[in-house]
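Quick notes on the structure that follows.
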Amino acid sequence: MYVKHLQCISCGKEYPATPQQLTCSECGPDGILDVIYDYSQIQKVFTKENLAINRDHSIWRYMPLLPIDPNVKRPSLRVGGTPIYYAKKLGKAIGVEKLYLKDDGLNPTGSLKDRASSIAVVKAVEAGAKIVACSSTGNAASSLAGNVASLNEYDLKACIFVPERAPAGKIAQLLIYGAIVISVEGSYEDAFNLSAAAIEKYGWYNRNAAINPYLVEGKKTVAFEICEQLNWEAPDWAVFSVGDGCTIAGAYKGFYDLYQLGMIDKIPKLIGVQAEGCAPLTRAWETGEPWQKTEENTLADSIAVGSPRNPEKALNAVRKSQGMMVNVSDEEILKMQTFIGRHTGVFGEPAGVTGFAGLKKLIDEKKISPEDSYVVVITGNGLKDIANARKAAGEPVRIAPDLEKLDQLLKEYGLIDKL
Ligand SMILES: *Cc1c(COP(=O)(O)O)cnc(C)c1O
Ligand SMILES: [Zn+2]
């Protein structure tokens, strides 16, 4: 391990990197810790040449930059190694030439959260835990459940607290993977608070992302992959949807690591996109005031987070990279779901396409340049939330099993010549 220590992002206090040290004892639950690495040692083993001959295409290829002991048991699911596409047709449709989509919905349980959950499972094993718990709007939970289920030769259970509103597809995943599922009446915050109380009371391992500093380290692998897949040429901008803020904070950390190691020549500017009905971090970014709790009024359930758990790391990521925040409406999100699908063959869940909706809006409003290069991360798979996809795409036409009827229909569509 090349970790030096953990450091509080508020007061700077340092702690040894044990699996149990999750927040700063001085600052309490808001004392978010950051993992600090020994870059000069990492530099000796972590090189572009070594990566080029490494045939492990999961996140474990980045082991020297991960806060785990390579000898501890790991989940066997293949996490990471998701494709990046040059989205020529989609880019053209919004007037951007250099547009790339990274489809993280192709992770084993269908979202970017797998990158964090796989690390959580390693840490739970390292801590000798029997139960690992989290509260989640869905994806953190389903990825934890899947990664736990894939663990061989170690008996670990996932206990998951979900808010009532979590989509059926995500709940089904949890149950299929054999997690203990507790559906909490109320909001995400209610589910979070109950999970925190249970974790405290029963001494379970805590996968709640903001609280657990190791998880952002898993999420940062998305930035490593982006740079490696683009031949170590960092894009001008990278775009993420934002809920708790761990994803965009993780991306920043990943770019930061590579920049410290001299492997890229700039840190991309980060664009964070929230839903209009739930945008505490955009408001904080715009006003410069501390963030305030908001309603959770959006169909993009994965970013329906009225009280973000990682606000400082997220806002730092946007500010330090000289990026920006923007909001989009649910209507724009649904529109972009089909728009992306039709131009790329990539099917994202609502929060998965929110980043692109924000990019399109900023381009339309001329707030960013169409000449720059953009990577948009599709953070979750559309099949997780079919109810909203049907809202976006509508229903198919129905006809009787009759060739003449089909003929008529195809003529209406202009797909065959009218007689
Ligand atoms: C969790 C999640 C996000 C947002 O990540 P945060 O760390 O909460 O900001 C975005 N999209 C999807 C699909 C997610 O599951
Ligand atoms: Zn502190």
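For the structure tokens, the naming scheme is as follows: chains receive sequential letters (A, B, ...) according to their order of presentation, residues are indexed from 1 within each chain, and ligands are indexed from 1 in presentation order.
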Determine, using only C-alpha atoms and all ligand atoms, which residues of chain A have any atom at most 7 Å from an atom of ligand 1, and tabulate each with its shortest atom pair and distance in Å to one decimal place, rows ordered by chain and then rising number, as JSON lines.
```
{"residue": "A:Ser111", "atom": "CA", "partner": "ligand 1", "partner_atom_place_in_ligand_line": "13 (C)", "distance": 5.8}
{"residue": "A:Leu112", "atom": "CA", "partner": "ligand 1", "partner_atom_place_in_ligand_line": "15 (O)", "distance": 6.5}
{"residue": "A:Lys113", "atom": "CA", "partner": "ligand 1", "partner_atom_place_in_ligand_line": "15 (O)", "distance": 6.0}
{"residue": "A:Asn139", "atom": "CA", "partner": "ligand 1", "partner_atom_place_in_ligand_line": "15 (O)", "distance": 4.7}
{"residue": "A:Ala140", "atom": "CA", "partner": "ligand 1", "partner_atom_place_in_ligand_line": "15 (O)", "distance": 6.5}
{"residue": "A:Ser241", "atom": "CA", "partner": "ligand 1", "partner_atom_place_in_ligand_line": "10 (C)", "distance": 5.0}
{"residue": "A:Val242", "atom": "CA", "partner": "ligand 1", "partner_atom_place_in_ligand_line": "9 (O)", "distance": 3.8}
{"residue": "A:Gly243", "atom": "CA", "partner": "ligand 1", "partner_atom_place_in_ligand_line": "9 (O)", "distance": 3.6}
{"residue": "A:Asp244", "atom": "CA", "partner": "ligand 1", "partner_atom_place_in_ligand_line": "8 (O)", "distance": 3.6}
{"residue": "A:Gly245", "atom": "CA", "partner": "ligand 1", "partner_atom_place_in_ligand_line": "9 (O)", "distance": 3.3}
{"residue": "A:Cys246", "atom": "CA", "partner": "ligand 1", "partner_atom_place_in_ligand_line": "7 (O)", "distance": 3.4}
{"residue": "A:Thr247", "atom": "CA", "partner": "ligand 1", "partner_atom_place_in_ligand_line": "7 (O)", "distance": 3.8}
{"residue": "A:Ile248", "atom": "CA", "partner": "ligand 1", "partner_atom_place_in_ligand_line": "9 (O)", "distance": 6.2}
{"residue": "A:Ser302", "atom": "CA", "partner": "ligand 1", "partner_atom_place_in_ligand_line": "14 (C)", "distance": 4.7}
{"residue": "A:Ile303", "atom": "CA", "partner": "ligand 1", "partner_atom_place_in_ligand_line": "4 (C)", "distance": 5.4}
{"residue": "A:Glu349", "atom": "CA", "partner": "ligand 1", "partner_atom_place_in_ligand_line": "13 (C)", "distance": 6.5}
{"residue": "A:Ala351", "atom": "CA", "partner": "ligand 1", "partner_atom_place_in_ligand_line": "11 (N)", "distance": 4.6}
{"residue": "A:Gly352", "atom": "CA", "partner": "ligand 1", "partner_atom_place_in_ligand_line": "13 (C)", "distance": 4.6}
{"residue": "A:Thr379", "atom": "CA", "partner": "ligand 1", "partner_atom_place_in_ligand_line": "13 (C)", "distance": 4.3}
{"residue": "A:Gly380", "atom": "CA", "partner": "ligand 1", "partner_atom_place_in_ligand_line": "13 (C)", "distance": 3.8}
```
Give me a file of those residues, with C-alpha atoms, as a PDB file, in the first residue's frame.
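Result went into part_7.pdb, see below:
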```
ATOM      1  CA  SER A 111     -23.721   1.676 -12.396  1.00  0.00           C
ATOM      2  CA  LEU A 112     -20.570   3.581 -11.522  1.00  0.00           C
ATOM      3  CA  LYS A 113     -21.245   2.726  -7.869  1.00  0.00           C
ATOM      4  CA  ASN A 139     -27.360   1.970  -6.980  1.00  0.00           C
ATOM      5  CA  ALA A 140     -24.948   2.096  -4.046  1.00  0.00           C
ATOM      6  CA  SER A 241     -24.425  14.233 -12.528  1.00  0.00           C
ATOM      7  CA  VAL A 242     -24.303  15.134  -8.844  1.00  0.00           C
ATOM      8  CA  GLY A 243     -26.229  13.836  -5.842  1.00  0.00           C
ATOM      9  CA  ASP A 244     -24.142  13.362  -2.686  1.00  0.00           C
ATOM     10  CA  GLY A 245     -21.139  14.643  -4.613  1.00  0.00           C
ATOM     11  CA  CYS A 246     -18.875  11.616  -4.164  1.00  0.00           C
ATOM     12  CA  THR A 247     -18.749  10.788  -7.858  1.00  0.00           C
ATOM     13  CA  ILE A 248     -17.544  14.171  -9.024  1.00  0.00           C
ATOM     14  CA  SER A 302     -30.045   8.453  -7.990  1.00  0.00           C
ATOM     15  CA  ILE A 303     -29.427  12.175  -7.565  1.00  0.00           C
ATOM     16  CA  GLU A 349     -31.070   5.813 -16.396  1.00  0.00           C
ATOM     17  CA  ALA A 351     -29.453  10.296 -13.396  1.00  0.00           C
ATOM     18  CA  GLY A 352     -27.192   8.567 -15.902  1.00  0.00           C
ATOM     19  CA  THR A 379     -23.354   6.826 -14.620  1.00  0.00           C
ATOM     20  CA  GLY A 380     -26.117   4.213 -14.593  1.00  0.00           C
TER      21      GLY A 380
END
```
Taking only C-alpha atoms into account, produce a table as CSV in which each residue of stretch 199-226 of chain A with an atom at most 12 Å from an atom of stretch 171-195 of chain A appears once, together with its shortest atom pair and the distance in Å to one decimal, ordered by chain and rising number.
```
residue,atom,partner,partner_atom,distance
A:Ile199,CA,A:Ser195,CA,6.0
A:Glu200,CA,A:Ser195,CA,8.5
A:Lys201,CA,A:Ser195,CA,9.7
A:Tyr202,CA,A:Ser195,CA,10.4
A:Gly203,CA,A:Ser195,CA,11.3
A:Trp204,CA,A:Ser195,CA,9.9
A:Tyr205,CA,A:Ser195,CA,11.0
A:Asn206,CA,A:Ser195,CA,8.9
A:Arg207,CA,A:Ser195,CA,10.1
A:Asn208,CA,A:Phe192,CA,8.2
A:Ala209,CA,A:Phe192,CA,10.9
A:Ala210,CA,A:Phe192,CA,11.3
A:Ile211,CA,A:Phe192,CA,11.2
```
Keeping N, CA and C atoms for every residue in the selection just given, could you write it to a file as a PDB file, in the first residue's frame?
```pdb
ATOM      1  N   ILE A 199     -25.791   1.215  12.214  1.00  0.00           N
ATOM      2  CA  ILE A 199     -24.352   0.937  12.077  1.00  0.00           C
ATOM      3  C   ILE A 199     -23.647   1.207  13.404  1.00  0.00           C
ATOM      4  N   GLU A 200     -24.026   2.319  14.007  1.00  0.00           N
ATOM      5  CA  GLU A 200     -23.456   2.715  15.301  1.00  0.00           C
ATOM      6  C   GLU A 200     -23.820   1.689  16.382  1.00  0.00           C
ATOM      7  N   LYS A 201     -25.088   1.308  16.384  1.00  0.00           N
ATOM      8  CA  LYS A 201     -25.561   0.433  17.453  1.00  0.00           C
ATOM      9  C   LYS A 201     -24.989  -0.982  17.344  1.00  0.00           C
ATOM     10  N   TYR A 202     -24.948  -1.522  16.095  1.00  0.00           N
ATOM     11  CA  TYR A 202     -24.552  -2.920  15.937  1.00  0.00           C
ATOM     12  C   TYR A 202     -23.103  -3.100  15.506  1.00  0.00           C
ATOM     13  N   GLY A 203     -22.413  -2.015  15.254  1.00  0.00           N
ATOM     14  CA  GLY A 203     -21.001  -2.115  14.882  1.00  0.00           C
ATOM     15  C   GLY A 203     -20.762  -2.712  13.502  1.00  0.00           C
ATOM     16  N   TRP A 204     -21.686  -2.502  12.580  1.00  0.00           N
ATOM     17  CA  TRP A 204     -21.509  -3.006  11.209  1.00  0.00           C
ATOM     18  C   TRP A 204     -20.489  -2.166  10.451  1.00  0.00           C
ATOM     19  N   TYR A 205     -19.990  -2.699   9.322  1.00  0.00           N
ATOM     20  CA  TYR A 205     -19.098  -1.891   8.495  1.00  0.00           C
ATOM     21  C   TYR A 205     -19.941  -0.921   7.658  1.00  0.00           C
ATOM     22  N   ASN A 206     -19.459   0.315   7.534  1.00  0.00           N
ATOM     23  CA  ASN A 206     -20.251   1.414   6.969  1.00  0.00           C
ATOM     24  C   ASN A 206     -19.844   1.719   5.522  1.00  0.00           C
ATOM     25  N   ARG A 207     -20.778   1.478   4.584  1.00  0.00           N
ATOM     26  CA  ARG A 207     -20.475   1.763   3.190  1.00  0.00           C
ATOM     27  C   ARG A 207     -21.030   3.125   2.756  1.00  0.00           C
ATOM     28  N   ASN A 208     -21.582   3.883   3.683  1.00  0.00           N
ATOM     29  CA  ASN A 208     -22.127   5.185   3.267  1.00  0.00           C
ATOM     30  C   ASN A 208     -21.004   6.051   2.692  1.00  0.00           C
ATOM     31  N   ALA A 209     -21.221   6.473   1.454  1.00  0.00           N
ATOM     32  CA  ALA A 209     -20.095   6.924   0.629  1.00  0.00           C
ATOM     33  C   ALA A 209     -19.357   8.132   1.165  1.00  0.00           C
ATOM     34  N   ALA A 210     -20.079   9.137   1.615  1.00  0.00           N
ATOM     35  CA  ALA A 210     -19.376  10.352   2.018  1.00  0.00           C
ATOM     36  C   ALA A 210     -18.598  10.097   3.288  1.00  0.00           C
ATOM     37  N   ILE A 211     -19.208   9.339   4.183  1.00  0.00           N
ATOM     38  CA  ILE A 211     -18.590   9.059   5.470  1.00  0.00           C
ATOM     39  C   ILE A 211     -17.332   8.221   5.282  1.00  0.00           C
TER      40      ILE A 211
END
```
Give me the residues within 12 Å of A:Lys44 as a CSV table (one decimal) with all heavy atoms, in the first residue's frame, counting only C-alpha atoms and dropping any in the same chain fewer than 4 places off.
```
chain,number,residue,atom,x,y,z
A,2,TYR,N,0.4,2.2,-0.8
A,2,TYR,CA,1.2,3.4,-0.9
A,2,TYR,C,0.5,4.6,-0.2
A,2,TYR,O,0.7,5.8,-0.5
A,2,TYR,CB,1.4,3.8,-2.4
A,2,TYR,CG,2.3,2.7,-3.1
A,2,TYR,CD1,1.7,1.6,-3.7
A,2,TYR,CD2,3.7,2.8,-3.0
A,2,TYR,CE1,2.5,0.7,-4.3
A,2,TYR,CE2,4.5,1.9,-3.7
A,2,TYR,CZ,3.9,0.8,-4.3
A,2,TYR,OH,4.7,-0.1,-4.9
A,38,ASP,N,1.7,8.4,-1.3
A,38,ASP,CA,3.1,8.7,-1.4
A,38,ASP,C,3.4,8.6,-2.9
A,38,ASP,O,3.8,7.6,-3.5
A,38,ASP,CB,3.9,7.7,-0.7
A,38,ASP,CG,5.4,8.0,-0.7
A,38,ASP,OD1,5.8,8.9,-1.5
A,38,ASP,OD2,6.1,7.4,0.2
A,39,TYR,N,3.2,9.8,-3.6
A,39,TYR,CA,3.4,9.8,-5.1
A,39,TYR,C,4.8,9.4,-5.5
A,39,TYR,O,5.0,8.8,-6.6
A,39,TYR,CB,2.9,11.1,-5.6
A,39,TYR,CG,1.4,11.4,-5.5
A,39,TYR,CD1,1.0,12.5,-4.7
A,39,TYR,CD2,0.5,10.6,-6.1
A,39,TYR,CE1,-0.4,12.7,-4.6
A,39,TYR,CE2,-0.9,10.8,-6.0
A,39,TYR,CZ,-1.3,11.9,-5.3
A,39,TYR,OH,-2.6,12.2,-5.1
A,40,SER,N,5.8,9.8,-4.7
A,40,SER,CA,7.1,9.6,-5.2
A,40,SER,C,7.4,8.1,-5.2
A,40,SER,O,8.2,7.6,-6.1
A,40,SER,CB,8.2,10.3,-4.3
A,40,SER,OG,8.1,9.8,-3.0
A,48,LYS,N,3.0,4.4,-17.5
A,48,LYS,CA,2.2,4.1,-18.7
A,48,LYS,C,2.6,2.8,-19.3
A,48,LYS,O,1.8,2.1,-19.8
A,48,LYS,CB,2.3,5.3,-19.7
A,48,LYS,CG,1.7,6.6,-19.2
A,48,LYS,CD,2.0,7.7,-20.2
A,48,LYS,CE,1.5,9.0,-19.6
A,48,LYS,NZ,1.7,10.2,-20.5
A,49,GLU,N,3.9,2.6,-19.3
A,49,GLU,CA,4.5,1.4,-19.9
A,49,GLU,C,4.0,0.1,-19.2
A,49,GLU,O,3.5,-0.9,-19.8
A,49,GLU,CB,6.0,1.4,-19.9
A,49,GLU,CG,6.7,2.4,-20.7
A,49,GLU,CD,6.5,3.9,-20.2
A,49,GLU,OE1,6.4,4.1,-19.0
A,49,GLU,OE2,6.4,4.8,-21.1
A,50,ASN,N,4.0,0.2,-17.8
A,50,ASN,CA,3.5,-1.0,-17.1
A,50,ASN,C,2.0,-1.2,-17.3
A,50,ASN,O,1.5,-2.3,-17.4
A,50,ASN,CB,3.7,-0.8,-15.6
A,50,ASN,CG,5.2,-1.0,-15.2
A,50,ASN,OD1,6.0,-1.6,-16.0
A,50,ASN,ND2,5.6,-0.7,-14.0
A,64,PRO,N,-1.7,0.4,-7.3
A,64,PRO,CA,-0.8,1.3,-6.5
A,64,PRO,C,-1.5,2.6,-6.0
A,64,PRO,O,-1.1,3.2,-5.1
A,64,PRO,CB,0.3,1.6,-7.4
A,64,PRO,CG,0.4,0.5,-8.4
A,64,PRO,CD,-1.1,0.0,-8.6
A,261,LEU,N,1.3,12.7,-10.7
A,261,LEU,CA,2.3,11.8,-11.2
A,261,LEU,C,2.9,12.2,-12.5
A,261,LEU,O,3.7,11.4,-13.1
A,261,LEU,CB,1.6,10.4,-11.3
A,261,LEU,CG,1.3,9.7,-10.0
A,261,LEU,CD1,0.4,8.5,-10.2
A,261,LEU,CD2,2.5,9.3,-9.2
```
Nearby residues (only C-alpha atoms) at most 9 Å from A:Ala127, same-chain spacing under 6 positions excluded, as a ChimeraX atom specification: /A:18-20,205
With C-alpha atoms retained, export the selected residues as a PDB file, in the first residue's frame.
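Wrote it out as selection-v9.pdb, contents follow:
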```
ATOM      1  CA  THR A  18      -7.294   1.903   9.238  1.00  0.00           C
ATOM      2  CA  PRO A  19     -10.548   0.520   7.803  1.00  0.00           C
ATOM      3  CA  GLN A  20     -12.489   1.841  10.809  1.00  0.00           C
ATOM      4  CA  TYR A 205     -19.098  -1.891   8.495  1.00  0.00           C
TER       5      TYR A 205
END
```
Which residue of A:Lys4, A:Arg165, A:Lys123, A:Lys220 approaches A:Asn297 most closely, using only C-alpha atoms: A:Arg165
Kindly assemble as a Markdown table a list of the chain A residues that lie within 12 Å of ligand 2, each paired with its nearest atom pair and their distance in Å to one decimal, using only C-alpha atoms and all ligand atoms, sorted first by chain and then by ascending residue number.
```
| residue | atom | partner | partner_atom_place_in_ligand_line | distance |
| --- | --- | --- | --- | --- |
| A:Leu6 | CA | ligand 2 | 1 (Zn) | 10.6 |
| A:Gln7 | CA | ligand 2 | 1 (Zn) | 7.8 |
| A:Cys8 | CA | ligand 2 | 1 (Zn) | 4.6 |
| A:Ile9 | CA | ligand 2 | 1 (Zn) | 6.7 |
| A:Ser10 | CA | ligand 2 | 1 (Zn) | 5.1 |
| A:Cys11 | CA | ligand 2 | 1 (Zn) | 4.1 |
| A:Gly12 | CA | ligand 2 | 1 (Zn) | 6.0 |
| A:Lys13 | CA | ligand 2 | 1 (Zn) | 5.6 |
| A:Glu14 | CA | ligand 2 | 1 (Zn) | 8.4 |
| A:Tyr15 | CA | ligand 2 | 1 (Zn) | 10.0 |
| A:Leu22 | CA | ligand 2 | 1 (Zn) | 11.3 |
| A:Thr23 | CA | ligand 2 | 1 (Zn) | 7.9 |
| A:Cys24 | CA | ligand 2 | 1 (Zn) | 4.6 |
| A:Ser25 | CA | ligand 2 | 1 (Zn) | 6.7 |
| A:Glu26 | CA | ligand 2 | 1 (Zn) | 5.0 |
| A:Cys27 | CA | ligand 2 | 1 (Zn) | 4.3 |
| A:Gly28 | CA | ligand 2 | 1 (Zn) | 7.3 |
| A:Pro29 | CA | ligand 2 | 1 (Zn) | 9.4 |
| A:Asp30 | CA | ligand 2 | 1 (Zn) | 8.1 |
| A:Gly31 | CA | ligand 2 | 1 (Zn) | 4.8 |
| A:Ile32 | CA | ligand 2 | 1 (Zn) | 7.4 |
| A:Leu33 | CA | ligand 2 | 1 (Zn) | 7.8 |
| A:Asp34 | CA | ligand 2 | 1 (Zn) | 10.6 |
```
Secondary structure check, helix (DSSP H, G or I) residues of stretch 177-234 of chain A, as number ranges by chain: A: 188-202, 213-219, 221-229
Spatial neighbours of A:Lys367, 12 Å, only C-alpha atoms, chain gap at least 5 places, as a PyMOL selection string: chain A and resi 271+323-326+358-362+372
Next, write the just-selected residues to a file, as a compact mmCIF listing (two decimals), in the first residue's frame, keeping all heavy atoms as the atom set.
```txt
# COMPACT_ATOMS: atom_id res chain seq x y z
N ILE A 271 -17.78 19.62 -14.84
CA ILE A 271 -19.15 20.15 -14.85
C ILE A 271 -20.02 19.23 -14.01
O ILE A 271 -20.11 18.04 -14.28
CB ILE A 271 -19.70 20.24 -16.29
CG1 ILE A 271 -18.87 21.23 -17.12
CG2 ILE A 271 -21.18 20.64 -16.28
CD1 ILE A 271 -19.26 21.30 -18.59
N GLY A 323 -14.34 24.51 -12.91
CA GLY A 323 -15.49 24.00 -13.65
C GLY A 323 -16.75 24.79 -13.34
O GLY A 323 -16.67 25.94 -12.92
N MET A 324 -17.88 24.16 -13.54
CA MET A 324 -19.15 24.83 -13.24
C MET A 324 -20.24 23.83 -12.87
O MET A 324 -20.10 22.63 -13.06
CB MET A 324 -19.60 25.72 -14.40
CG MET A 324 -19.60 25.07 -15.76
SD MET A 324 -20.18 26.23 -17.03
CE MET A 324 -18.68 27.13 -17.40
N MET A 325 -21.33 24.39 -12.33
CA MET A 325 -22.50 23.60 -11.97
C MET A 325 -23.68 24.13 -12.77
O MET A 325 -23.75 25.31 -13.07
CB MET A 325 -22.83 23.73 -10.49
CG MET A 325 -21.77 23.29 -9.51
SD MET A 325 -21.75 21.52 -9.11
CE MET A 325 -23.44 21.11 -8.76
N VAL A 326 -24.62 23.25 -13.08
CA VAL A 326 -25.82 23.68 -13.81
C VAL A 326 -26.96 22.74 -13.45
O VAL A 326 -26.73 21.60 -13.05
CB VAL A 326 -25.53 23.69 -15.34
CG1 VAL A 326 -25.25 22.28 -15.86
CG2 VAL A 326 -26.69 24.32 -16.12
N GLY A 358 -27.09 18.51 -19.00
CA GLY A 358 -26.43 19.74 -18.56
C GLY A 358 -25.46 20.27 -19.60
O GLY A 358 -25.40 21.47 -19.87
N LEU A 359 -24.71 19.35 -20.20
CA LEU A 359 -23.76 19.78 -21.25
C LEU A 359 -24.51 20.44 -22.40
O LEU A 359 -24.13 21.52 -22.87
CB LEU A 359 -22.98 18.56 -21.76
CG LEU A 359 -22.10 18.83 -22.99
CD1 LEU A 359 -20.96 19.78 -22.64
CD2 LEU A 359 -21.54 17.54 -23.57
N LYS A 360 -25.58 19.80 -22.83
CA LYS A 360 -26.35 20.35 -23.96
C LYS A 360 -26.86 21.75 -23.61
O LYS A 360 -26.78 22.67 -24.43
CB LYS A 360 -27.53 19.44 -24.30
CG LYS A 360 -28.38 19.98 -25.44
CD LYS A 360 -29.39 18.97 -25.92
CE LYS A 360 -30.15 19.46 -27.15
NZ LYS A 360 -30.86 20.72 -26.95
N LYS A 361 -27.35 21.89 -22.40
CA LYS A 361 -27.87 23.19 -21.97
C LYS A 361 -26.78 24.26 -21.99
O LYS A 361 -26.99 25.37 -22.50
CB LYS A 361 -28.45 23.04 -20.57
CG LYS A 361 -29.18 24.26 -20.08
CD LYS A 361 -29.96 23.92 -18.82
CE LYS A 361 -30.73 25.11 -18.31
NZ LYS A 361 -31.52 24.72 -17.13
N LEU A 362 -25.60 23.93 -21.47
CA LEU A 362 -24.51 24.91 -21.43
C LEU A 362 -24.02 25.27 -22.83
O LEU A 362 -23.65 26.42 -23.09
CB LEU A 362 -23.35 24.37 -20.59
CG LEU A 362 -23.62 24.25 -19.08
CD1 LEU A 362 -22.48 23.49 -18.39
CD2 LEU A 362 -23.79 25.63 -18.46
N ASP A 372 -14.14 22.87 -27.57
CA ASP A 372 -13.43 22.09 -26.55
C ASP A 372 -13.79 20.61 -26.64
O ASP A 372 -14.74 20.22 -27.31
CB ASP A 372 -13.80 22.62 -25.15
CG ASP A 372 -13.13 23.95 -24.85
OD1 ASP A 372 -12.27 24.36 -25.65
OD2 ASP A 372 -13.47 24.57 -23.83
```
Residues near A:Gln322, cut-off 12 Å, only C-alpha atoms, skip fewer than 3 positions along chain, as a PyMOL selection string: chain A and resi 236-238+252+266-272+285+315-319+325
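Residue-level DSSP output for stretch 75-135 of chain A, from the backbone, shows strand (DSSP E) at Ile84, Tyr85, Tyr86, Lys98, Leu99, Tyr100, Leu101, Lys102, Asp103, Ile131, Val132, Ala133, Cys134 and Ser135 of chain A.
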Residue with smallest distance to A:Tyr85 - pool A:Thr109, A:Gln292, A:Asn381, A:Thr344, counting only C-alpha atoms: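 For A:Tyr85, the nearest of the given residues is A:Thr344.
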Atom pair atom CA of A:Asp104 / atom CA of A:Arg61: separation (Å):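 If I compute the distance from atom CA of A:Asp104 to atom CA of A:Arg61, I get 16.9 Å.
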Å distance separating atom CA of A:Gln229 from atom CA of A:Asn107, one decimal place: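 Separating atom CA of A:Gln229 from atom CA of A:Asn107 is a distance of 16.2 Å.
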Within 8 Å of stretch 286-291 of chain A using only C-alpha atoms, minus same-chain residues under 5 positions, as a ChimeraX atom specification: /A:280-281,311,325
If you keep all heavy atoms, can you produce a file of those selected residues as a short mmCIF file (atom, residue, chain, number, x, y, z; two decimals), in the first residue's frame?
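Listing of selection-v3.cif after writing:
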```
data_model
loop_
_atom_site.label_atom_id
_atom_site.label_comp_id
_atom_site.auth_asym_id
_atom_site.auth_seq_id
_atom_site.Cartn_x
_atom_site.Cartn_y
_atom_site.Cartn_z
N PRO A 280 -29.14 21.45 -4.22
CA PRO A 280 -28.48 22.21 -3.14
C PRO A 280 -27.05 22.62 -3.50
O PRO A 280 -26.60 23.70 -3.09
CB PRO A 280 -28.49 21.25 -1.95
CG PRO A 280 -28.70 19.89 -2.53
CD PRO A 280 -29.51 20.09 -3.77
N LEU A 281 -26.35 21.79 -4.25
CA LEU A 281 -24.94 22.10 -4.53
C LEU A 281 -24.79 23.15 -5.62
O LEU A 281 -23.90 24.00 -5.57
CB LEU A 281 -24.16 20.82 -4.86
CG LEU A 281 -24.03 19.89 -3.65
CD1 LEU A 281 -23.28 18.62 -4.00
CD2 LEU A 281 -23.35 20.59 -2.48
N PRO A 311 -20.64 17.47 0.44
CA PRO A 311 -20.72 18.76 -0.25
C PRO A 311 -19.36 19.43 -0.45
O PRO A 311 -19.10 19.97 -1.53
CB PRO A 311 -21.62 19.60 0.67
CG PRO A 311 -21.52 18.95 2.01
CD PRO A 311 -21.33 17.48 1.73
N MET A 325 -21.33 24.39 -12.33
CA MET A 325 -22.50 23.60 -11.97
C MET A 325 -23.68 24.13 -12.77
O MET A 325 -23.75 25.31 -13.07
CB MET A 325 -22.83 23.73 -10.49
CG MET A 325 -21.77 23.29 -9.51
SD MET A 325 -21.75 21.52 -9.11
CE MET A 325 -23.44 21.11 -8.76
#
```
Among listed residues A:Asn310, A:Ser321, A:Asn388, A:Ser373, nearest A:Leu99 (using only C-alpha atoms):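 The shortest atom-to-atom distance to A:Leu99 comes from A:Ser373.
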Nearest residue to A:Leu383 from the set A:Gln337, A:Asn54, A:Thr82, A:Ser307 (distances using only C-alpha atoms):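 Closest residue, counting only C-alpha atoms: A:Gln337.
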